[in-house]
Each structure stands twice: as C-alpha cells, then as structure tokens.
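*Asks:* Can you keep this structure in mind? I'll have questions shortly.
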Amino acid sequence: MWMEEPALAERQGPGRPRSQASHDAILDATMEILIETGYRDLTLQKIAARAGVGRQTLYRWWGSKADIVLEAFSRRTAQEIPAPDTGRVRSDLVQLMEESGKVLKKVSGPIVLGLLAEAALDEAFAAKFWKLFQSQRRAVVKNILARAIKRGELPPNLDLEFWADLFFGGLLYRLVGRQTPIDRSFGEKLAKLLPRP
C-alpha cells in the first residue's frame, strides 16, 4: 500500500557517494530480516551483516532503524498493492481494501504496526511516515474517487481528503485492534457509504 524516494544524489550529504548496489542490498536485507524475525528483533547490526556493509554506512545514510524500514517497506508495498481501475468506483475501493487486507495479514501488518509505534514516539519520524503515507496510499484512494467524479459516479464537490481519511482510518483501526478482518466485506460496507451524484 506507499513515496517516491528522492534521487540518491539529492539525499546524500557530504562524504563518499552512495553506492546504488549497497543501497539496494541494505533495503533487500532489511525486508528479508523483517520477514524472518519481525520489526522488534530487527537491528542495524543484523542489517549491516546481511547486506555486507559496515554499520557506519547505515548511520551515514539513514537516521534510524525506522527510517531504513520505512524506505524498504515503501518500495515493497508500492509493488505489492496495485491501484485498481475496474471502471466502477465501488468495485475499485472494494478491491483495494481486499488486496490491502491480504498484504497486511501477512508480513506487512506487523511492519506497519511497528512503524506506527515509532511514529507515536518520534515526532520527526512521524512527519516522514505520514508524508509517505499521504503521497502513496492516500493518493491511490483520491485518484480512484477523482476518476469516479469525472465519470459522473460521484458528486463533483466530494471531499476527497475526508473519504481518504474514512477509508484508511477504518483500515488502520482494524489493523491496530486486530479484532475484525480487513476484507472484501469491510470494503463493501465502506463503498456503500459513498454518496450518489
């Protein structure tokens, strides 16, 4: 379900240029370890060892473990959860919710919970997390709704921000609460709330 990363040359500070191969190896290693052990047991030492780089490389390129996870996870989820375009707004939203639920039920859910916990404790990281969430996942919902407005399925004055909040607010609530599923049925109930034109 996430942000286009700035070019490496734009992000890096002074010092040796960032190697794209090392960068990719670090992100790949991070996801591998997350899948194996989960967010809580992931350490910079484990990432560095798996990627074949020194820990100083991680400190030089990222501010924290959470920053590395956020970038690695955003790269993966951008590929994992497509933006549906069935030609009907309600089926698009149902499909998006269903696919999001499948991904979050596996390894992605615990990672998102770990990142949410970090965001609750670190204001600077929270800004990065929500900027990423805003630019990637919320944009998908807003694009689905904007297409539907152009097709005449929804009112032209629909508040896209509100409906993106409603969609993801429900999704995140169910993810954190872990009591009710994020599934097709939930997507259908939300889609039925959409106003008619």
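FYI, nothing fancy with the structure tokens labels: chains A, B, ... in order, residues from 1 per chain, ligands from 1 as they appear.
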Excluding A:Arg90 and any residue of its chain fewer than 2 positions from it, enumerate the residues within 9 Å of it, using only C-alpha atoms, and give them as number ranges by chain.
*Replies:* A: 88, 92-95, 187-188, 190-192, 194
*Asks:* Produce a file of the selected residues containing C-alpha atoms, as a CSV table (one decimal), in the first residue's frame.
*Replies:*
chain,number,residue,atom,x,y,z
A,88,ARG,CA,-16.5,1.5,-11.2
A,92,ASP,CA,-12.2,-0.3,-7.2
A,93,LEU,CA,-12.5,0.5,-3.4
A,94,VAL,CA,-13.6,-3.0,-2.6
A,95,GLN,CA,-10.7,-4.5,-4.5
A,187,GLY,CA,-14.6,-2.7,1.7
A,188,GLU,CA,-18.2,-3.2,0.5
A,190,LEU,CA,-17.4,1.4,3.2
A,191,ALA,CA,-18.2,1.7,-0.5
A,192,LYS,CA,-21.9,1.7,0.2
A,194,LEU,CA,-20.3,6.8,-0.9
*Asks:* Excluding same-chain residues fewer than 6 positions from A:Tyr59, what lies within 12 Å of it counting only C-alpha atoms, as a list in words?
*Replies:*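 Near A:Tyr59, the qualifying residues are Gln12, Gly13, Leu44, Gln45, Ile47, Ala48, Val53, Lys65, Ala66, Asp67 and Ile68 of chain A.
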*Asks:* Which polymer residues have any atom within 7 Å of an atom of stretch 107-120 of chain A, counting only C-alpha atoms, with same-chain residues fewer than 4 positions away left out, as a list in words?
*Replies:*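 Here the answer would be Ile35, Tyr39, Ala66, Val103, Phe125, Ala126, Phe129, Leu175 and Val176 of chain A.
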*Asks:* Which residue out of A:Gly101, A:Thr37, A:Thr30, A:Leu96 has the minimum interatomic distance to A:Ala49 when only C-alpha atoms are used?
*Replies:*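 Among the listed residues, the smallest separation from A:Ala49 belongs to A:Thr30.
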*Asks:* Looking at A:Ser22, A:Arg76, A:Leu158, A:Val141, which one is nearest to A:Gly54, with distances taken over only C-alpha atoms?
*Replies:*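 Selected residue with least distance to A:Gly54: A:Ser22.
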*Asks:* Where in chain A does DSSP assign helix (DSSP H, G or I), given as an NGL selection string?
*Replies:* :A and (8-11 or 20-37 or 44-51 or 55-61 or 65-80 or 89-121 or 123-151 or 160-177 or 184-192)
*Asks:* Could the residues in this selection be written to a file with C-alpha atoms, as a compact mmCIF listing (two decimals), in the first residue's frame?
*Replies:*
# COMPACT_ATOMS: atom_id res chain seq x y z
CA LEU A 8 20.33 9.28 -4.17
CA ALA A 9 22.48 12.22 -5.16
CA GLU A 10 19.85 14.61 -3.80
CA ARG A 11 19.58 12.81 -0.44
CA GLN A 20 23.26 2.04 -5.61
CA ALA A 21 24.23 -1.63 -5.22
CA SER A 22 24.87 -1.18 -1.48
CA HIS A 23 21.68 0.84 -1.10
CA ASP A 24 19.60 -1.90 -2.75
CA ALA A 25 21.38 -4.61 -0.73
CA ILE A 26 20.53 -2.80 2.50
CA LEU A 27 16.85 -2.43 1.61
CA ASP A 28 16.66 -6.06 0.46
CA ALA A 29 18.38 -7.26 3.64
CA THR A 30 16.01 -5.18 5.77
CA MET A 31 12.94 -6.77 4.20
CA GLU A 32 14.40 -10.28 4.43
CA ILE A 33 15.10 -9.89 8.15
CA LEU A 34 11.69 -8.31 8.78
CA ILE A 35 10.03 -11.31 7.16
CA GLU A 36 12.15 -13.73 9.19
CA THR A 37 12.12 -12.08 12.62
CA LEU A 44 21.16 -2.26 12.46
CA GLN A 45 23.84 -4.86 13.16
CA LYS A 46 21.75 -7.59 11.51
CA ILE A 47 21.01 -5.38 8.51
CA ALA A 48 24.66 -4.46 8.02
CA ALA A 49 25.81 -8.08 8.30
CA ARG A 50 23.18 -9.35 5.84
CA ALA A 51 23.85 -6.54 3.35
CA ARG A 55 27.20 -0.18 10.36
CA GLN A 56 28.67 3.27 9.72
CA THR A 57 27.20 3.09 6.22
CA LEU A 58 23.74 2.78 7.75
CA TYR A 59 24.36 5.64 10.17
CA ARG A 60 25.66 7.81 7.34
CA TRP A 61 22.68 7.21 5.05
CA LYS A 65 16.24 1.74 12.02
CA ALA A 66 12.74 3.07 11.43
CA ASP A 67 13.96 5.23 8.53
CA ILE A 68 15.51 2.21 6.80
CA VAL A 69 12.38 0.12 7.36
CA LEU A 70 10.17 2.91 6.04
CA GLU A 71 12.13 3.15 2.79
CA ALA A 72 12.42 -0.62 2.34
CA PHE A 73 8.76 -1.17 3.12
CA SER A 74 7.56 1.65 0.87
CA ARG A 75 9.49 0.19 -2.05
CA ARG A 76 7.93 -3.23 -1.48
CA THR A 77 4.34 -2.13 -0.92
CA ALA A 78 4.34 0.12 -3.97
CA GLN A 79 4.81 -3.09 -5.97
CA GLU A 80 2.57 -5.31 -3.81
CA VAL A 89 -15.65 3.35 -8.06
CA ARG A 90 -17.24 0.93 -5.63
CA SER A 91 -15.56 -2.14 -7.08
CA ASP A 92 -12.23 -0.25 -7.17
CA LEU A 93 -12.47 0.54 -3.45
CA VAL A 94 -13.62 -2.97 -2.55
CA GLN A 95 -10.72 -4.48 -4.49
CA LEU A 96 -8.24 -2.07 -2.90
CA MET A 97 -9.47 -2.92 0.60
CA GLU A 98 -9.43 -6.65 -0.12
CA GLU A 99 -5.88 -6.58 -1.54
CA SER A 100 -4.67 -4.34 1.30
CA GLY A 101 -6.11 -6.78 3.81
CA LYS A 102 -4.35 -9.73 2.21
CA VAL A 103 -0.99 -7.96 2.27
CA LEU A 104 -1.43 -6.68 5.83
CA LYS A 105 -2.45 -10.12 7.07
CA LYS A 106 0.98 -11.43 6.15
CA VAL A 107 4.28 -9.75 7.00
CA SER A 108 3.20 -6.18 6.18
CA GLY A 109 0.74 -5.76 9.07
CA PRO A 110 3.32 -6.16 11.86
CA ILE A 111 5.70 -3.84 9.99
CA VAL A 112 3.06 -1.13 9.74
CA LEU A 113 2.28 -1.55 13.45
CA GLY A 114 6.00 -1.16 14.24
CA LEU A 115 6.20 1.99 12.15
CA LEU A 116 3.05 3.38 13.76
CA ALA A 117 4.58 2.79 17.20
CA GLU A 118 7.75 4.61 16.12
CA ALA A 119 5.66 7.47 14.75
CA ALA A 120 3.83 7.76 18.07
CA LEU A 121 7.14 8.15 19.93
CA GLU A 123 7.70 13.42 16.06
CA ALA A 124 10.32 13.78 13.32
CA PHE A 125 9.80 10.22 12.16
CA ALA A 126 6.02 10.67 12.34
CA ALA A 127 6.28 13.53 9.84
CA LYS A 128 8.20 11.27 7.43
CA PHE A 129 5.80 8.37 7.92
CA TRP A 130 2.65 10.38 7.31
CA LYS A 131 4.19 12.23 4.36
CA LEU A 132 4.95 8.87 2.80
CA PHE A 133 1.50 7.51 3.60
CA GLN A 134 -0.08 10.67 2.20
CA SER A 135 1.90 10.64 -1.03
CA GLN A 136 1.46 6.96 -1.82
CA ARG A 137 -1.54 5.19 -0.35
CA ARG A 138 -3.95 8.09 0.20
CA ALA A 139 -3.18 9.27 -3.33
CA VAL A 140 -4.45 5.93 -4.65
CA VAL A 141 -7.84 6.40 -2.97
CA LYS A 142 -8.09 10.03 -4.05
CA ASN A 143 -7.26 9.08 -7.65
CA ILE A 144 -9.98 6.39 -7.63
CA LEU A 145 -12.50 8.92 -6.35
CA ALA A 146 -11.38 11.64 -8.79
CA ARG A 147 -11.82 9.24 -11.73
CA ALA A 148 -15.30 8.41 -10.46
CA ILE A 149 -16.21 12.11 -10.29
CA LYS A 150 -15.13 12.51 -13.94
CA ARG A 151 -17.31 9.53 -14.89
CA LEU A 160 -11.51 13.62 -1.33
CA GLU A 161 -9.47 14.14 1.84
CA PHE A 162 -12.38 13.13 4.05
CA TRP A 163 -13.05 9.95 2.09
CA ALA A 164 -9.35 9.02 2.10
CA ASP A 165 -9.42 9.53 5.89
CA LEU A 166 -12.51 7.34 6.18
CA PHE A 167 -11.05 4.55 4.06
CA PHE A 168 -7.66 4.41 5.77
CA GLY A 169 -8.98 5.32 9.20
CA GLY A 170 -11.11 2.19 9.15
CA LEU A 171 -8.28 0.09 7.74
CA LEU A 172 -5.75 1.24 10.36
CA TYR A 173 -8.26 0.88 13.19
CA ARG A 174 -8.89 -2.74 12.25
CA LEU A 175 -5.16 -3.35 11.86
CA VAL A 176 -4.32 -1.95 15.31
CA GLY A 177 -7.33 -3.56 17.01
CA ARG A 184 -13.93 -7.62 0.96
CA SER A 185 -16.95 -7.34 3.22
CA PHE A 186 -15.44 -4.35 5.03
CA GLY A 187 -14.64 -2.70 1.71
CA GLU A 188 -18.21 -3.24 0.51
CA LYS A 189 -19.65 -1.63 3.64
CA LEU A 190 -17.42 1.43 3.19
CA ALA A 191 -18.16 1.66 -0.53
CA LYS A 192 -21.90 1.69 0.17
